[in-house]
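Participant: Submitted below is the structure of interest, expressed as structure tokens.
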Amino acid sequence: GGQACFCFFLQGGGKRSFERAVMRLSVVSVGGREVASLETKPAWTLSDVRSRLSEVTGIACHRLHLLHGAAELPPGEPLASLGIVDGSLLTLVVSPPLYVLTGSRDGTAKLWDVQTGKCLQTLAGHGDELTSVAFSPMGPELFTFSQDFTVKLWNMDTGDCLRTLEARGSGGVGALAAALSPDGSTALVGCLDGFAKVLSVDSGECLLMLEHDAHVPVAVYSSDGARIL
């Protein structure tokens with residue numbers, strides 16, 4: 001989820017008029033690898049450059065941020081009016097995408113793009129309504145917790161189910177609440193039988209059983225993962 005940076009140089013154009021001048025734009029990575037070669041014009045705005053770079057790289061326009069020196073380019077201003085001339089250096093920062101994960105009583109979870117509102121993945125496979133969903137802090141994985149007594153681990157990019165963990169309480173009762181540890185290694189499940197269970201995400205093994213006098217509708221980790229509530 002970090003930010004990727006690229007640099008590009010504006011070259012060419014000569015002494016042609018402002019309207020017809022062409023600036024050759026080479027997009028390179030910080031390490032010097034060329035990403036794209038574009039022809040731009042002094043009258044282009046941030047939107048024009050973003051649009052062309054999006055076509056070449058396949059990265060959505062809203063994730064592309066351009067800097068001239070230490071200042072981010074404002075929208076609507078011609079490149080020339082911002083002091084960008086032949087040979088200028090711009091920096092392209094690609095921000096990570098923003099997602100929302102939702103769980104439904106129909107047993108499915110959906111992954112959404114925050115900027116566009118588009119549904120990217122529908123995760124189906126549970127036999128009952130979901131009680132909780134979570135992003136893994138360790139990689140592109142998603143967790144869903146259901147009243148069908150299971151916790152499922154999903155690949156965020158493909159929507160494939162990678163692993164299913166049993167979260168059944170004693171006597172076959174289901175789970176009311178669930179949470180993922182800050183490091184993504186364990187899952188905490190609160191059950192109708194008055195027990196909270198800590199499960200290993202890798203093996204599915206129950207590592208710890210915590211007993212209450214009644215059912216457990218809330219289960220959370222502390223921010224450092226050292227305590228359970």
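Note on naming: chains are A, B, ... as they come in the structure tokens, residues start from 1 per chain, ligands start from 1 in the order shown.
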Tell me, as a list of chain:residue names, which residues lie within 10 Å of Ala226 of chain A, counting only C-alpha atoms; anything in the same chain fewer than 5 positions away does not count.
Facilitator: A:Ser181, A:Pro182, A:Tyr221
Participant: For segment 119-128 of chain A, find every residue with an atom within 10 Å (counting only C-alpha atoms), except residues of its own chain fewer than 5 positions away, and show them as an MDAnalysis selection string.
Facilitator: chainID A and resid 99:114 142 144:152 154:161 164
Participant: For the structure I just gave you, how does DSSP split segment 10-168 of chain A - specifically, which residues are strand (DSSP E)? Reply as JSON, numbers by chain.
Facilitator: {"A": [10, 11, 23, 24, 25, 26, 27, 28, 29, 34, 35, 36, 37, 38, 39, 40, 64, 65, 66, 67, 68, 71, 72, 89, 90, 91, 92, 93, 94, 99, 100, 101, 102, 103, 109, 110, 111, 112, 113, 119, 120, 121, 122, 123, 130, 131, 132, 133, 134, 135, 141, 142, 143, 144, 145, 146, 150, 151, 152, 153, 154, 155, 161, 162, 163, 164, 165, 166]}
Participant: Per DSSP on the backbone, what are the helix (DSSP H, G or I) residues of segment 52-185 of chain A, as a PyMOL selection string?
Facilitator: chain A and resi 52-57+61-63+80-82+170-172
Participant: Calculated over only C-alpha atoms, which of the candidates A:Leu25, A:Ala167, A:Leu38, A:Leu98 has the smallest distance to Ile84 of chain A?
Facilitator: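 Comparing A:Leu25, A:Ala167, A:Leu38, A:Leu98 against Ile84 of chain A, the winner is A:Leu25.
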Participant: Just give me the gap between atom CA of Gly204 of chain A and atom CA of Leu165 of chain A in Å, one decimal is fine.
Facilitator: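 Atom-to-atom, atom CA of Gly204 of chain A and atom CA of Leu165 of chain A are spaced 5.1 Å apart.
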